[in-house]
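**Q** Got a file for you: final_11.pdb, PDB, C-alpha atoms.
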```pdb
ATOM      1  CA  MET Q   1      14.217 -26.667   5.631
ATOM      2  CA  ARG Q   2      10.649 -27.705   6.432
ATOM      3  CA  ILE Q   3      10.615 -25.627   9.637
ATOM      4  CA  THR Q   4      11.916 -22.582   7.745
ATOM      5  CA  LEU Q   5       9.196 -22.932   5.104
ATOM      6  CA  THR Q   6       6.546 -23.239   7.812
ATOM      7  CA  LEU Q   7       7.834 -20.104   9.555
ATOM      8  CA  VAL Q   8       7.809 -18.180   6.270
ATOM      9  CA  LEU Q   9       4.214 -19.243   5.613
ATOM     10  CA  PHE Q  10       3.125 -18.126   9.082
ATOM     11  CA  LEU Q  11       4.873 -14.796   8.552
ATOM     12  CA  ILE Q  12       3.108 -14.260   5.209
ATOM     13  CA  ILE Q  13      -0.282 -15.202   6.661
ATOM     14  CA  GLY Q  14       0.292 -12.859   9.604
ATOM     15  CA  LEU Q  15       1.175  -9.987   7.296
ATOM     16  CA  ILE Q  16      -1.877 -10.596   5.125
ATOM     17  CA  GLU Q  17      -4.178 -10.701   8.157
ATOM     18  CA  GLY Q  18      -2.604  -7.573   9.628
ATOM     19  CA  CYS Q  19      -2.948  -5.667   6.362
ATOM     20  CA  SER Q  20      -6.538  -6.739   5.841
ATOM     21  CA  SER Q  21      -7.453  -5.718   9.412
ATOM     22  CA  ASN Q  22      -6.130  -2.221   8.824
ATOM     23  CA  ASN Q  23      -7.712  -2.242   5.400
ATOM     24  CA  ASN Q  24     -11.131  -3.126   6.855
ATOM     25  CA  ARG Q  25     -11.347   0.264   8.606
ATOM     26  CA  ALA Q  26     -10.313   2.101   5.449
ATOM     27  CA  VAL Q  27     -12.932   0.210   3.428
ATOM     28  CA  LEU Q  28     -15.703   1.004   5.916
ATOM     29  CA  ASP Q  29     -14.746   4.669   5.995
ATOM     30  CA  SER Q  30     -14.452   4.965   2.204
ATOM     31  CA  TYR Q  31     -18.125   4.147   1.517
ATOM     32  CA  PRO Q  32     -20.317   7.269   1.625
ATOM     33  CA  GLY Q  33     -23.666   7.439   3.328
ATOM     34  CA  PHE Q  34     -22.975   6.127   6.817
ATOM     35  CA  SER Q  35     -24.334   8.403   9.533
ATOM     36  CA  CYS Q  36     -25.786   8.123  13.010
ATOM     37  CA  LEU Q  37     -28.638  10.169  14.406
ATOM     38  CA  SER Q  38     -27.710  12.148  17.507
ATOM     39  CA  PRO Q  39     -27.096  11.163  20.274
ATOM     40  CA  SER Q  40     -25.886   7.839  18.803
ATOM     41  CA  THR Q  41     -22.174   7.495  18.034
ATOM     42  CA  ILE Q  42     -20.093   5.315  15.711
ATOM     43  CA  LYS Q  43     -18.479   2.195  17.182
ATOM     44  CA  TYR Q  44     -16.052  -0.208  15.446
ATOM     45  CA  GLU Q  45     -15.804  -3.843  16.592
ATOM     46  CA  ALA Q  46     -14.157  -7.048  15.443
ATOM     47  CA  TRP Q  47     -16.579  -9.043  13.300
ATOM     48  CA  GLY Q  48     -16.382 -12.614  12.009
ATOM     49  CA  GLN Q  49     -13.025 -14.307  11.605
ATOM     50  CA  ASN Q  50     -11.123 -11.368  10.143
ATOM     51  CA  GLY Q  51     -13.592  -8.541   9.781
ATOM     52  CA  LEU Q  52     -14.688  -5.288  11.286
ATOM     53  CA  SER Q  53     -18.124  -3.786  11.902
ATOM     54  CA  LYS Q  54     -19.138  -0.144  12.017
ATOM     55  CA  ALA Q  55     -22.341   0.544  13.932
ATOM     56  CA  CYS Q  56     -24.382   3.357  15.403
ATOM     57  CA  VAL Q  57     -24.781   2.815  19.139
ATOM     58  CA  ASP Q  58     -26.926   4.659  21.669
ATOM     59  CA  ALA Q  59     -25.803   5.968  25.071
ATOM     60  CA  GLN Q  60     -26.431   2.532  26.649
ATOM     61  CA  GLY Q  61     -24.277   0.784  24.028
ATOM     62  CA  ALA Q  62     -27.158  -0.819  22.087
ATOM     63  CA  LYS Q  63     -26.923  -0.803  18.304
ATOM     64  CA  ASP Q  64     -29.390   1.734  16.923
ATOM     65  CA  GLY Q  65     -29.056   2.759  13.286
ATOM     66  CA  GLN Q  66     -26.807   1.713  10.447
ATOM     67  CA  PHE Q  67     -24.581  -1.371  10.668
ATOM     68  CA  TRP Q  68     -21.897  -2.185   8.066
ATOM     69  CA  THR Q  69     -19.240  -4.889   7.970
ATOM     70  CA  THR Q  70     -16.082  -5.766   6.088
ATOM     71  CA  GLU Q  71     -14.337  -9.100   5.819
ATOM     72  CA  MET Q  72     -10.791  -9.543   4.469
ATOM     73  CA  GLY Q  73     -10.662  -5.917   3.322
ATOM     74  CA  ARG Q  74     -13.930  -5.845   1.338
ATOM     75  CA  PHE Q  75     -17.381  -4.502   2.042
ATOM     76  CA  PHE Q  76     -19.550  -7.477   3.031
ATOM     77  CA  LEU Q  77     -22.884  -6.684   4.736
ATOM     78  CA  ARG Q  78     -25.068  -3.700   5.574
ATOM     79  CA  GLY Q  79     -28.241  -3.374   7.576
ATOM     80  CA  PHE Q  80     -29.978  -1.536  10.387
ATOM     81  CA  TYR Q  81     -30.606  -1.990  14.081
ATOM     82  CA  LYS Q  82     -33.468  -0.481  16.040
ATOM     83  CA  SER Q  83     -33.105  -0.488  19.831
ATOM     84  CA  GLY Q  84     -30.559  -3.327  19.679
ATOM     85  CA  LYS Q  85     -32.524  -5.562  17.271
ATOM     86  CA  GLU Q  86     -31.983  -6.202  13.565
ATOM     87  CA  SER Q  87     -34.482  -4.207  11.532
ATOM     88  CA  GLY Q  88     -35.429  -3.739   7.883
ATOM     89  CA  THR Q  89     -33.564  -5.136   4.902
ATOM     90  CA  TRP Q  90     -30.040  -6.527   5.229
ATOM     91  CA  GLU Q  91     -27.865  -6.710   2.105
ATOM     92  CA  PHE Q  92     -24.947  -9.035   1.362
ATOM     93  CA  ILE Q  93     -22.359  -7.619  -1.055
ATOM     94  CA  ASP Q  94     -19.922  -9.571  -3.270
ATOM     95  CA  LYS Q  95     -16.291  -8.751  -4.200
ATOM     96  CA  GLU Q  96     -17.424  -6.429  -6.989
ATOM     97  CA  GLY Q  97     -19.729  -4.456  -4.693
ATOM     98  CA  VAL Q  98     -22.926  -5.975  -6.092
ATOM     99  CA  VAL Q  99     -25.769  -6.860  -3.735
ATOM    100  CA  THR Q 100     -26.112 -10.639  -3.993
ATOM    101  CA  ARG Q 101     -28.800 -11.271  -1.391
ATOM    102  CA  LYS Q 102     -31.358  -9.272   0.587
ATOM    103  CA  VAL Q 103     -32.854 -10.540   3.809
ATOM    104  CA  MET Q 104     -35.880  -8.926   5.457
ATOM    105  CA  THR Q 105     -35.946  -9.118   9.263
ATOM    106  CA  LYS Q 106     -39.054  -9.945  11.291
ATOM    107  CA  GLN Q 107     -38.992  -6.506  12.958
ATOM    108  CA  SER Q 108     -39.515  -4.793   9.575
TER     109      SER Q 108
END
```
Output the file's structure in the form of structure tokens.
**A**
Amino acid sequence: MRITLTLVLFLIIGLIEGCSSNNNRAVLDSYPGFSCLSPSTIKYEAWGQNGLSKACVDAQGAKDGQFWTTEMGRFFLRGFYKSGKESGTWEFIDKEGVVTRKVMTKQS
């Protein structure tokens, strides 16, 4: 009985993680205002424990422009990169979509 319960819990956790991973992309794409200046392109990457980032990258693969992240299917962080380095103000967003903290980078 204990083994069965453990297997069921792992199955549920796996389903939740799988759904939130797919949901992370949908969340990133649902927020308006993300764009990259040409010739930069959009790149998605795993971020954190269960998140996804969306970044503008240049031809050499360096982040250059907007950078947004999701974690567990919710918008989490947004900021900017300039020539591969964090730049400007970075904003942390709570579950309700409210900016809870702003951090200014040294390159600003």
**Q** Take the PyMOL selection byres ((chain Q and resi 95) around 12), run it mentally on this structure, and tell me the resulting residues as a list in words.
**A**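 Applying the expression gives Thr70, Glu71, Met72, Gly73, Arg74, Phe75, Phe76, Leu77, Phe92, Ile93, Asp94, Glu96, Gly97, Val98, Val99 and Thr100 of chain Q.
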**Q** In Å, rounded to a single decimal, give me how far CA of Gln60 (chain Q) is from CA of Ser30 (chain Q).
**A**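 Computed distance, CA of Ser30 (chain Q) to CA of Gln60 (chain Q), equals 27.3 Å.
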**Q** Starting from the shown file, work through the PyMOL selection byres ((chain Q and resi 82) around 12) and note down what comes out as a PDB file with C-alpha atoms, in the frame of the given file.
**A**
```
ATOM      1  CA  CYS Q  36     -25.786   8.123  13.010  1.00  0.00           C
ATOM      2  CA  LEU Q  37     -28.638  10.169  14.406  1.00  0.00           C
ATOM      3  CA  SER Q  40     -25.886   7.839  18.803  1.00  0.00           C
ATOM      4  CA  ALA Q  55     -22.341   0.544  13.932  1.00  0.00           C
ATOM      5  CA  CYS Q  56     -24.382   3.357  15.403  1.00  0.00           C
ATOM      6  CA  VAL Q  57     -24.781   2.815  19.139  1.00  0.00           C
ATOM      7  CA  ASP Q  58     -26.926   4.659  21.669  1.00  0.00           C
ATOM      8  CA  ALA Q  62     -27.158  -0.819  22.087  1.00  0.00           C
ATOM      9  CA  LYS Q  63     -26.923  -0.803  18.304  1.00  0.00           C
ATOM     10  CA  ASP Q  64     -29.390   1.734  16.923  1.00  0.00           C
ATOM     11  CA  GLY Q  65     -29.056   2.759  13.286  1.00  0.00           C
ATOM     12  CA  GLN Q  66     -26.807   1.713  10.447  1.00  0.00           C
ATOM     13  CA  PHE Q  67     -24.581  -1.371  10.668  1.00  0.00           C
ATOM     14  CA  GLY Q  79     -28.241  -3.374   7.576  1.00  0.00           C
ATOM     15  CA  PHE Q  80     -29.978  -1.536  10.387  1.00  0.00           C
ATOM     16  CA  TYR Q  81     -30.606  -1.990  14.081  1.00  0.00           C
ATOM     17  CA  SER Q  83     -33.105  -0.488  19.831  1.00  0.00           C
ATOM     18  CA  GLY Q  84     -30.559  -3.327  19.679  1.00  0.00           C
ATOM     19  CA  LYS Q  85     -32.524  -5.562  17.271  1.00  0.00           C
ATOM     20  CA  GLU Q  86     -31.983  -6.202  13.565  1.00  0.00           C
ATOM     21  CA  SER Q  87     -34.482  -4.207  11.532  1.00  0.00           C
ATOM     22  CA  GLY Q  88     -35.429  -3.739   7.883  1.00  0.00           C
ATOM     23  CA  THR Q 105     -35.946  -9.118   9.263  1.00  0.00           C
ATOM     24  CA  LYS Q 106     -39.054  -9.945  11.291  1.00  0.00           C
ATOM     25  CA  GLN Q 107     -38.992  -6.506  12.958  1.00  0.00           C
ATOM     26  CA  SER Q 108     -39.515  -4.793   9.575  1.00  0.00           C
TER      27      SER Q 108
END
```
**Q** Please write the residues picked by the PyMOL selection byres ((chain Q and resi 29) around 12) on this file as a ChimeraX atom specification.
**A** /Q:22-28,30-35,42,44,52-55,68-70,73-75
**Q** What's the separation between CA of Lys43 (chain Q) and CA of Glu91 (chain Q), in Å to one decimal place?
**A**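 Between CA of Lys43 (chain Q) and CA of Glu91 (chain Q) the gap works out to 19.9 Å.
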**Q** How big is the axis-aligned box, and where does its centre sit, when it encloses all atoms of region 79-91 of chain Q listed in the file and has 3 Å added on every side, reported in Å to one decimal as lines of an AutoDock Vina configuration file?
**A**
```
center_x = -31.6
center_y = -3.6
center_z = 11.0
size_x = 13.6
size_y = 12.2
size_z = 23.7
```
